[in-house]
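The data block below is protein.txt; it holds compact mmCIF, C-alpha atoms.
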```
# COMPACT_ATOMS: atom_id res chain seq x y z
CA ALA A 1 8.08 27.62 11.70
CA ALA A 2 9.92 24.52 12.90
CA GLN A 3 9.64 25.59 16.53
CA VAL A 4 5.89 26.16 16.22
CA ARG A 5 5.38 22.71 14.63
CA ILE A 6 7.48 20.98 17.29
CA SER A 7 5.65 22.81 20.07
CA PHE A 8 2.25 21.86 18.64
CA ALA A 9 3.20 18.20 18.12
CA HIS A 10 4.55 18.01 21.67
CA GLU A 11 1.86 19.90 23.60
CA ALA A 12 -1.44 19.33 21.76
CA PRO A 13 -1.67 15.54 22.32
CA ARG A 14 -1.59 16.16 26.08
CA LEU A 15 -4.71 18.33 26.04
CA PRO A 16 -7.89 16.49 27.20
CA GLY A 17 -9.85 17.67 24.16
CA TRP A 18 -7.29 16.30 21.72
CA LEU A 19 -7.15 12.98 23.57
CA ALA A 20 -10.92 12.64 23.21
CA LEU A 21 -10.86 13.65 19.54
CA GLN A 22 -8.20 11.08 18.70
CA GLN A 23 -10.38 8.32 20.16
CA VAL A 24 -12.99 8.88 17.43
CA MET A 25 -10.71 10.28 14.71
CA PRO A 26 -7.15 8.94 15.10
CA GLU A 27 -5.91 10.85 12.08
CA ALA A 28 -6.99 14.25 13.45
CA MET A 29 -3.56 15.17 14.85
CA GLN A 30 -1.76 14.16 11.65
CA ILE A 31 -4.15 16.12 9.44
CA THR A 32 -3.93 19.25 11.58
CA SER A 33 -0.13 18.98 11.84
CA GLU A 34 0.21 18.67 8.07
CA VAL A 35 -1.99 21.69 7.45
CA LEU A 36 0.01 23.70 9.98
CA HIS A 37 3.32 22.48 8.52
CA ASN A 38 2.38 23.35 4.94
CA LYS A 39 1.11 26.79 5.84
CA LEU A 40 4.10 27.69 8.01
CA GLN A 41 6.50 26.31 5.40
CA PHE A 42 4.97 28.62 2.81
CA LEU A 43 5.17 31.61 5.15
CA SER A 44 8.79 30.88 6.14
CA ASN A 45 9.92 31.16 2.50
CA HIS A 46 9.53 34.96 2.60
CA GLU A 47 12.85 36.78 2.50
CA LEU A 48 13.91 38.02 5.92
CA GLU A 49 14.00 41.79 6.15
CA HIS A 50 13.84 44.28 8.97
CA TYR A 51 10.39 44.20 10.55
CA ASN A 52 9.93 47.99 10.53
CA ASP A 53 10.91 48.31 6.86
CA ASP A 54 8.89 45.45 5.46
CA LYS A 55 5.15 45.44 6.10
CA ARG A 56 4.86 42.13 4.26
CA LEU A 57 7.10 40.45 6.82
CA GLY A 58 5.05 41.95 9.61
CA ALA A 59 1.91 40.49 8.07
CA THR A 60 3.71 37.16 7.63
CA ILE A 61 4.54 36.98 11.32
CA ASN A 62 0.95 37.80 12.23
CA GLU A 63 -0.35 35.13 9.84
CA ALA A 64 1.99 32.50 11.28
CA VAL A 65 0.70 33.29 14.78
CA LEU A 66 -2.88 33.10 13.48
CA TRP A 67 -2.38 29.64 11.95
CA SER A 68 -0.75 28.38 15.12
CA LYS A 69 -3.74 29.58 17.17
CA LEU A 70 -6.08 28.02 14.61
CA ALA A 71 -4.46 24.60 15.06
CA TYR A 72 -4.79 24.78 18.83
CA GLY A 73 -8.34 26.09 18.46
CA VAL A 74 -9.73 23.02 16.69
CA ILE A 75 -10.94 21.50 19.96
CA HIS A 76 -12.45 24.78 21.15
CA GLY A 77 -14.32 25.02 17.87
CA LEU A 78 -15.73 21.52 18.29
CA GLU A 79 -16.86 22.40 21.81
CA LEU A 80 -18.66 25.47 20.48
CA MET A 81 -20.35 23.32 17.82
CA ALA A 82 -21.54 20.94 20.54
CA GLN A 83 -22.89 23.88 22.51
CA VAL A 84 -24.79 25.22 19.50
CA TYR A 85 -26.27 21.79 18.83
CA ALA A 86 -27.37 21.36 22.44
CA GLU A 87 -29.17 24.69 22.30
CA GLN A 88 -31.01 23.54 19.16
CA ILE A 89 -32.31 20.21 20.50
CA ALA A 90 -36.08 20.20 20.12
CA PRO A 91 -38.29 19.66 23.17
CA GLY A 92 -39.64 16.18 23.83
CA THR A 93 -38.63 12.88 25.37
CA ARG A 94 -36.05 10.42 24.04
CA HIS A 95 -35.04 6.80 24.33
CA LEU A 96 -31.29 6.58 24.95
CA ILE A 97 -30.22 3.48 23.02
CA ASN A 98 -26.70 2.22 23.65
CA VAL A 99 -24.94 1.43 20.36
CA ALA A 100 -22.94 -1.59 21.59
CA THR A 101 -25.86 -3.41 23.21
CA GLY A 102 -28.78 -2.06 21.18
CA ARG A 103 -30.67 -1.67 24.48
CA ARG A 104 -32.52 1.29 25.93
CA LEU A 105 -31.20 2.96 29.04
CA GLN A 106 -33.70 2.48 31.87
CA VAL A 107 -34.03 3.66 35.47
CA ASP A 108 -34.81 0.73 37.76
CA PRO A 109 -37.78 1.54 40.03
CA GLY A 110 -36.13 -0.50 42.80
CA ASP A 111 -32.48 0.51 43.20
CA LYS A 112 -32.91 3.66 41.04
CA LEU A 113 -29.80 2.83 38.97
CA ALA A 114 -29.60 3.52 35.23
CA SER A 115 -28.72 0.45 33.20
CA VAL A 116 -29.44 -1.78 30.21
CA ARG A 117 -29.95 -4.87 32.40
CA GLN A 118 -33.26 -5.72 30.71
CA ALA A 119 -32.84 -7.11 27.21
CA VAL A 120 -36.37 -6.13 26.20
CA VAL A 121 -37.67 -2.88 27.61
CA HIS A 122 -41.19 -1.77 26.84
CA SER A 123 -41.59 1.89 26.10
CA ASP A 124 -42.68 2.90 29.58
CA SER A 125 -41.77 6.07 31.42
CA HIS A 126 -38.71 4.53 33.11
CA CYS A 127 -36.83 4.49 29.79
CA LYS A 128 -37.90 7.94 28.61
CA PHE A 129 -35.80 11.03 29.19
CA GLU A 130 -36.44 14.70 28.59
CA MET A 131 -33.44 16.81 27.62
CA ARG A 132 -33.95 19.88 29.75
CA ARG A 133 -31.57 22.70 28.85
CA THR A 134 -29.46 24.20 31.62
CA GLY A 135 -27.56 26.82 29.60
CA GLY A 136 -23.99 26.79 28.31
CA GLY A 137 -24.72 23.91 25.95
CA THR A 138 -25.55 21.42 28.71
CA VAL A 139 -28.73 19.54 29.59
CA ARG A 140 -30.27 17.59 32.44
CA LEU A 141 -31.58 14.18 31.40
CA MET A 142 -34.89 14.06 33.26
CA ASN A 143 -36.35 10.58 33.71
CA GLU A 144 -40.06 10.71 32.94
CA ALA A 145 -41.14 8.11 35.54
CA THR A 146 -39.40 9.74 38.49
CA ASN A 147 -39.18 13.33 37.23
CA LEU A 148 -35.58 13.28 38.46
CA PRO A 149 -32.32 13.93 36.56
CA LEU A 150 -29.72 11.30 35.79
CA HIS A 151 -26.84 11.96 38.17
CA VAL A 152 -23.30 10.58 38.38
CA HIS A 153 -22.03 9.91 41.91
CA GLY A 154 -18.63 11.37 41.07
CA GLY A 155 -17.29 11.31 44.63
CA GLY A 156 -18.42 7.74 45.27
CA ASP A 157 -19.22 4.69 43.14
CA LYS A 158 -19.44 6.75 39.90
CA LEU A 159 -22.72 5.05 38.97
CA CYS A 160 -25.47 6.88 37.12
CA SER A 161 -28.82 6.96 38.89
CA VAL A 162 -31.65 9.06 40.32
CA ARG A 163 -30.78 8.07 43.92
CA PHE A 164 -29.99 11.58 45.11
CA GLY A 165 -33.16 13.42 44.17
CA ASP A 166 -33.61 16.60 42.14
CA LEU A 167 -30.00 17.77 42.03
CA LYS A 168 -28.91 20.64 39.81
CA ASP A 169 -25.14 20.40 40.19
CA ASP A 170 -22.57 19.62 37.48
CA TRP A 171 -22.87 15.86 38.15
CA ALA A 172 -26.49 16.08 36.98
CA LYS A 173 -25.58 17.90 33.77
CA PHE A 174 -24.46 16.44 30.43
CA ARG A 175 -22.99 17.69 27.18
CA ILE A 176 -24.53 16.02 24.13
CA GLU A 177 -21.65 15.47 21.68
CA ARG A 178 -22.75 14.48 18.20
CA LEU A 179 -20.59 12.21 16.00
CA LEU A 180 -20.51 12.06 12.21
CA ASP A 181 -22.68 8.92 12.16
CA SER A 182 -25.43 10.70 14.15
CA THR A 183 -24.70 8.86 17.37
CA TYR A 184 -23.88 10.73 20.56
CA TYR A 185 -21.66 10.82 23.61
CA LEU A 186 -23.44 11.80 26.83
CA VAL A 187 -20.58 13.55 28.62
CA ASN A 188 -21.09 14.18 32.33
CA VAL A 189 -20.04 17.74 33.16
CA GLY A 190 -18.94 17.03 36.73
CA THR A 191 -16.51 14.27 35.80
CA GLY A 192 -15.75 15.15 32.17
CA SER A 193 -16.34 11.53 31.20
CA ALA A 194 -18.79 9.99 28.74
CA LEU A 195 -21.53 7.76 30.13
CA HIS A 196 -20.46 4.12 29.67
CA ILE A 197 -22.34 0.81 29.68
CA ASP A 198 -20.54 -2.13 31.29
CA ASP A 199 -21.81 -4.72 28.80
CA TYR A 200 -19.46 -7.47 29.99
CA GLY A 201 -20.35 -7.00 33.64
CA ASP A 202 -23.32 -5.59 35.53
CA LYS A 203 -24.81 -3.63 32.56
CA LEU A 204 -24.87 -0.45 34.64
CA ALA A 205 -24.33 3.07 33.30
CA SER A 206 -21.38 4.81 34.93
CA VAL A 207 -18.10 6.67 34.47
CA ARG A 208 -16.12 4.05 36.45
CA TYR A 209 -13.68 3.46 33.59
CA GLY A 210 -12.75 7.06 32.85
CA ASP A 211 -13.46 8.95 29.65
CA GLN A 212 -13.94 6.01 27.30
CA ARG A 213 -14.88 6.79 23.69
CA ASN A 214 -16.20 3.65 22.00
CA GLN A 215 -19.44 1.85 21.15
CA PHE A 216 -20.20 1.32 24.83
CA THR A 217 -20.30 5.10 25.34
CA ARG A 218 -22.23 5.94 22.18
CA PHE A 219 -26.00 6.33 22.10
CA HIS A 220 -28.79 6.81 19.61
CA LEU A 221 -31.31 9.43 20.67
CA GLN A 222 -34.66 8.07 19.58
CA ARG A 223 -37.79 10.14 19.77
CA THR A 224 -40.46 8.46 21.87
CA ASP A 225 -43.23 9.58 19.51
CA ASP A 226 -42.06 6.84 17.06
CA SER A 227 -40.76 9.42 14.59
CA GLY A 228 -37.38 7.74 14.42
CA ILE A 229 -33.77 8.36 15.38
CA LEU A 230 -32.72 11.95 16.06
CA SER A 231 -30.24 13.07 13.38
```

Since I need it in another form, could you write the structure as structure tokens?
Amino acid sequence: AAQVRISFAHEAPRLPGWLALQQVMPEAMQITSEVLHNKLQFLSNHELEHYNDDKRLGATINEAVLWSKLAYGVIHGLELMAQVYAEQIAPGTRHLINVATGRRLQVDPGDKLASVRQAVVHSDSHCKFEMRRTGGGTVRLMNEATNLPLHVHGGGDKLCSVRFGDLKDDWAKFRIERLLDSTYYLVNVGTGSALHIDDYGDKLASVRYGDQRNQFTRFHLQRTDDSGILS
């Protein structure tokens, strides 16, 4: 039991999924570790007997392995939940409102970059996006004005734009990760990073700063038919 706990505490924090989870729920590792510790402690109190002569011990070993896998599987379970949610998103267009700035994401008709550079954005087609499913729990965010998907230039400046046309690669796909407060991370599949607004700089949407998980990477998804925030 002690070896399993030590292994989990040492290895799990290095996994990308756990790193992301701890950004939004710092106590996640402690809670999971305590659950695993308590369960394994209970199982380890069984008297040791020969495996072949004691079916209860055999079941105990299997249960310990199961709980260890369960602890590691928390992140996988969250990913499956995100996939299920993405498949259930209703058709229609959305405003993508950045939580930190309170501004709508908009595609500039000039340089074709996605940003929140305009403090007041009228509800025109440049700030409307259709979530078009691509399978596997991912979507393309199709800008209504250009009929092109938001794309992250992962091998270059890492800015989000519609500069490269109607691409269908992983850099034009996003996972929509819902948080408990009904805000969302828009995670680019190609880079594995959440879309981020540089509020203190050029106001552009990008993944230049890695997989940040904060108010600058959280968005409200607002229906454009004035029926309110998507929950």

Hey, which bits of region 107-190 of chain A sit within 10 Å of region 197-201 of chain A, and for each residue what's the closest pair of atoms and how far apart in Å (one decimal), counting all atoms listed in the file, rows by chain and increasing number, as CSV?
```
residue,atom,partner,partner_atom,distance
A:Ala114,CA,A:Ile197,CA,9.5
A:Ser115,CA,A:Ile197,CA,7.3
A:Val116,CA,A:Ile197,CA,7.6
A:Arg117,CA,A:Asp199,CA,8.9
```

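Coordinates place CA of Leu96 (chain A) at a distance of 10.8 Å from CA of Met131 (chain A).
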
Give me the residues within 10 Å of Lys173 (chain A) as a PyMOL selection string, counting all atoms listed in the file and dropping any in the same chain fewer than 4 places off. chain A and resi 132-134+137-141+149-152+167-169+186-191

Please report the interatomic distance between CA of Leu195 (chain A) and CA of Arg218 (chain A) in Å with one decimal.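 Between CA of Leu195 (chain A) and CA of Arg218 (chain A) the gap is 8.2 Å.
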
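You can rank A:Ala194, A:Leu105, A:Leu204, A:Asp166 by their closest distance to Thr217 (chain A) using only C-alpha atoms, and at the top of that list sits A:Ala194.
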
Two-atom distance - CA of Ala145 (chain A), CA of Arg208 (chain A) (Å):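 Separation of CA of Ala145 (chain A) and CA of Arg208 (chain A): 25.4 Å.
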
Report as a VMD selection string all protein, DNA and RNA residues lying within 7 Å of His220 (chain A), evaluated on all atoms listed in the file, omitting residues in the same chain fewer than 4 positions from it. chain A and resid 96 to 99 183 to 184 229

For Ala205 (chain A), which of A:Cys160, A:Ala100, A:Ile176, A:Leu148 is the closest residue, counting all atoms listed in the file?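 Checking each candidate against Ala205 (chain A), we get A:Cys160 as the closest.
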
For Gly136 (chain A), the closest of A:Gly156, A:Arg175, A:Val162, A:Val107 counting all atoms listed in the file is A:Arg175
